[in-house]
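Structure below is work30.tsv: TSV, C-alpha atoms.
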chain	number	residue	atom	x	y	z
A	1	MET	CA	0.82	4.53	-20.33
A	2	CYS	CA	2.40	1.09	-20.40
A	3	LYS	CA	5.90	2.60	-20.31
A	4	ILE	CA	5.06	4.29	-17.01
A	5	PHE	CA	4.17	0.96	-15.45
A	6	ALA	CA	6.59	-1.26	-17.37
A	7	SER	CA	9.56	0.75	-16.13
A	8	ILE	CA	8.83	-0.03	-12.46
A	9	ASP	CA	11.90	-1.52	-10.76
A	10	PRO	CA	11.29	-5.28	-10.35
A	11	ALA	CA	12.67	-5.09	-6.80
A	12	SER	CA	9.69	-2.96	-5.81
A	13	TYR	CA	7.20	-5.67	-6.71
A	14	ALA	CA	9.21	-8.61	-5.42
A	15	SER	CA	7.33	-10.43	-2.67
A	16	GLU	CA	8.62	-10.12	0.85
A	17	THR	CA	7.31	-12.11	3.80
A	18	ARG	CA	7.58	-10.62	7.26
A	19	SER	CA	6.75	-12.14	10.58
A	20	VAL	CA	4.64	-9.82	12.75
A	21	ARG	CA	2.86	-10.02	16.08
A	22	LEU	CA	-0.81	-9.00	15.93
A	23	SER	CA	-2.78	-8.96	19.15
A	24	GLY	CA	-0.28	-11.29	20.78
A	25	HIS	CA	-0.21	-13.81	17.92
A	26	VAL	CA	2.72	-14.22	15.57
A	27	THR	CA	1.79	-14.46	11.91
A	28	SER	CA	3.43	-13.98	8.52
A	29	ILE	CA	2.35	-11.42	5.95
A	30	ARG	CA	3.49	-11.46	2.35
A	31	LEU	CA	3.43	-8.16	0.47
A	32	GLU	CA	5.38	-6.59	-2.33
A	33	SER	CA	8.40	-4.56	-1.21
A	34	ALA	CA	6.80	-1.29	-2.33
A	35	PHE	CA	3.87	-1.88	0.03
A	36	TRP	CA	6.22	-2.60	2.95
A	37	ALA	CA	8.07	0.64	2.22
A	38	THR	CA	4.80	2.58	2.15
A	39	LEU	CA	3.60	1.00	5.38
A	40	GLU	CA	6.88	1.99	7.03
A	41	GLN	CA	6.27	5.57	5.88
A	42	VAL	CA	2.74	5.50	7.29
A	43	ALA	CA	3.97	4.18	10.62
A	44	ALA	CA	6.73	6.81	10.77
A	45	SER	CA	4.20	9.55	9.97
A	46	GLN	CA	2.20	8.35	13.01
A	47	GLY	CA	5.30	8.30	15.18
A	48	VAL	CA	5.17	4.54	15.83
A	49	THR	CA	7.02	1.44	14.73
A	50	LEU	CA	5.67	-0.63	11.88
A	51	GLY	CA	4.77	-3.41	14.30
A	52	ARG	CA	2.82	-1.07	16.55
A	53	PHE	CA	1.02	0.44	13.55
A	54	LEU	CA	0.03	-2.97	12.18
A	55	THR	CA	-1.23	-4.11	15.57
A	56	LYS	CA	-3.26	-0.92	16.05
A	57	LEU	CA	-4.78	-1.23	12.58
A	58	TYR	CA	-5.58	-4.91	13.08
A	59	ASP	CA	-7.22	-4.24	16.46
A	60	GLU	CA	-9.28	-1.34	15.06
A	61	VAL	CA	-10.52	-3.42	12.12
A	62	LEU	CA	-11.40	-6.23	14.50
A	63	GLU	CA	-13.33	-3.77	16.68
A	64	LEU	CA	-15.17	-2.22	13.72
A	65	HIS	CA	-15.96	-5.37	11.75
A	66	GLY	CA	-15.59	-8.23	14.23
A	67	ASP	CA	-13.28	-10.07	11.85
A	68	VAL	CA	-10.22	-9.44	9.71
A	69	THR	CA	-10.75	-11.58	6.64
A	70	ASN	CA	-7.76	-10.63	4.49
A	71	PHE	CA	-5.28	-8.44	6.32
A	72	ALA	CA	-2.70	-8.42	3.50
A	73	SER	CA	-5.30	-7.03	1.07
A	74	LEU	CA	-6.38	-4.49	3.66
A	75	LEU	CA	-2.77	-3.35	3.97
A	76	ARG	CA	-2.47	-2.91	0.19
A	77	CYS	CA	-5.67	-0.86	0.15
A	78	ALA	CA	-4.43	1.19	3.11
A	79	CYS	CA	-1.34	2.04	1.06
A	80	LEU	CA	-3.56	3.25	-1.79
A	81	VAL	CA	-5.59	5.40	0.59
A	82	TYR	CA	-2.34	6.86	1.99
A	83	ALA	CA	-1.02	7.59	-1.51
A	84	GLU	CA	-4.29	9.26	-2.46
A	85	ALA	CA	-4.15	11.44	0.64
A	86	LEU	CA	-0.64	12.56	-0.33
A	87	ARG	CA	-1.62	13.48	-3.85
A	88	PRO	CA	-0.68	17.16	-4.01
A	89	ASP	CA	-2.69	18.35	-6.96
A	90	PRO	CA	-5.77	16.64	-8.40
A	91	GLN	CA	-5.34	18.60	-11.64
A	92	ALA	CA	-1.79	17.30	-12.08
A	93	SER	CA	-3.00	13.76	-11.44
A	94	ALA	CA	-5.76	14.18	-14.01
A	95	GLU	CA	-3.25	15.46	-16.56
A	96	LEU	CA	-0.96	12.47	-15.91
A	97	ALA	CA	-3.90	10.09	-16.31
A	98	ALA	CA	-4.91	11.79	-19.57
A	99	ALA	CA	-1.35	11.56	-20.89
A	100	ALA	CA	-1.17	7.91	-19.91
A	101	SER	CA	-4.49	7.25	-21.67
A	102	ARG	CA	-3.21	8.88	-24.85
A	103	ASP	CA	-0.03	6.78	-24.72
A	104	PHE	CA	-2.07	3.63	-24.20
A	105	ALA	CA	-4.47	4.48	-27.06
A	106	VAL	CA	-1.52	4.83	-29.42
A	107	VAL	CA	-0.26	1.37	-28.49
A	108	MET	CA	-3.66	-0.24	-29.04
For the file at hand, write its structure as structure tokens.
Amino acid sequence: MCKIFASIDPASYASETRSVRLSGHVTSIRLESAFWATLEQVAASQGVTLGRFLTKLYDEVLELHGDVTNFASLLRCACLVYAEALRPDPQASAELAAAASRDFAVVM
């Protein structure tokens, strides 16, 4: 299991700060490069720019909850939800998880 995660390209988890406009206010968001790439895919799948997607998401969270306490964490979780929705075969995912568990157990 650790080899699966340890082999991740360091560039994908390097932090990247981007300046964005949310509801008319400019702010900075720091995320790992892999999350930015995923958010760009999500925006493209919706047929909008990343900026428009982030603004729409921010506004909807504000409307639903009255506050956006940690937008960067919300964006990371949104990426996980998106990845889960793209998962093609639950059985294949379960087999990968089982294989990873076996690999990890051997290391322990």
Subject >> Contact residues around A:Tyr82 with all atoms listed in the file at 10 Å, ignoring same-chain residues under 5 positions, as a ChimeraX atom specification >> reply: /A:38-39,41-42,76-77,87
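If you look at atom CA of A:Asp67 and atom CA of A:Ser12, they are 29.8 Å away from each other.
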**OP:** For atom CA of A:Arg30 and atom CA of A:Thr55, determine how far apart the two atoms are, in Å to one decimal place.
**Re:**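 The value is 15.8 Å.
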**OP:** Could you please determine the separation between atom CA of A:Tyr13 and atom CA of A:Ser28 in Å, to one decimal place?
**Re:** 17.8 Å
Please provide the set of residues having any atom within 8 Å of A:Tyr58, restricted to all atoms listed in the file, with same-chain residues fewer than 2 positions apart removed, written as a CSV table (one decimal) with C-alpha atoms, in the frame of the given file.
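Produced file result.csv, reproduced below:
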chain,number,residue,atom,x,y,z
A,22,LEU,CA,-0.8,-9.0,15.9
A,23,SER,CA,-2.8,-9.0,19.2
A,54,LEU,CA,0.0,-3.0,12.2
A,55,THR,CA,-1.2,-4.1,15.6
A,56,LYS,CA,-3.3,-0.9,16.0
A,60,GLU,CA,-9.3,-1.3,15.1
A,61,VAL,CA,-10.5,-3.4,12.1
A,62,LEU,CA,-11.4,-6.2,14.5
A,68,VAL,CA,-10.2,-9.4,9.7
A,71,PHE,CA,-5.3,-8.4,6.3
**OP:** Between A:Leu64, A:Val20, A:Ala14, A:Leu86, single out the one closest to A:Gly51, counting all atoms listed in the file.
**Re:**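 Comparing A:Leu64, A:Val20, A:Ala14, A:Leu86 against A:Gly51, the winner is A:Val20.
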**OP:** Just the residues within 9 Å of A:Ala11, please, counting all atoms listed in the file, with nothing from its chain fewer than 3 positions along; format it as a ChimeraX atom specification.
**Re:** /A:8,14-15,32-34
Go ahead and write the selection's residues with C-alpha atoms as a CSV table (one decimal), in the coordinates of the input.
chain,number,residue,atom,x,y,z
A,8,ILE,CA,8.8,0.0,-12.5
A,14,ALA,CA,9.2,-8.6,-5.4
A,15,SER,CA,7.3,-10.4,-2.7
A,32,GLU,CA,5.4,-6.6,-2.3
A,33,SER,CA,8.4,-4.6,-1.2
A,34,ALA,CA,6.8,-1.3,-2.3
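In this comparison, which uses all atoms listed in the file, the residue of A:Pro88, A:Ser45, A:Arg52, A:Ile29 approaching A:Asn70 most closely is A:Ile29.
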Original post:
Do you know which residues are at most 7 Å from A:Leu31 counting all atoms listed in the file, after dropping those on the same chain fewer than 6 positions away, and could you put them as a PyMOL selection string?
Top reply: chain A and resi 15-17+72
Subject >> Nearest-residue call for A:Glu40, choices A:Leu74, A:Leu57, A:Cys79, A:Cys2, using all atoms listed in the file >> reply: A:Cys79
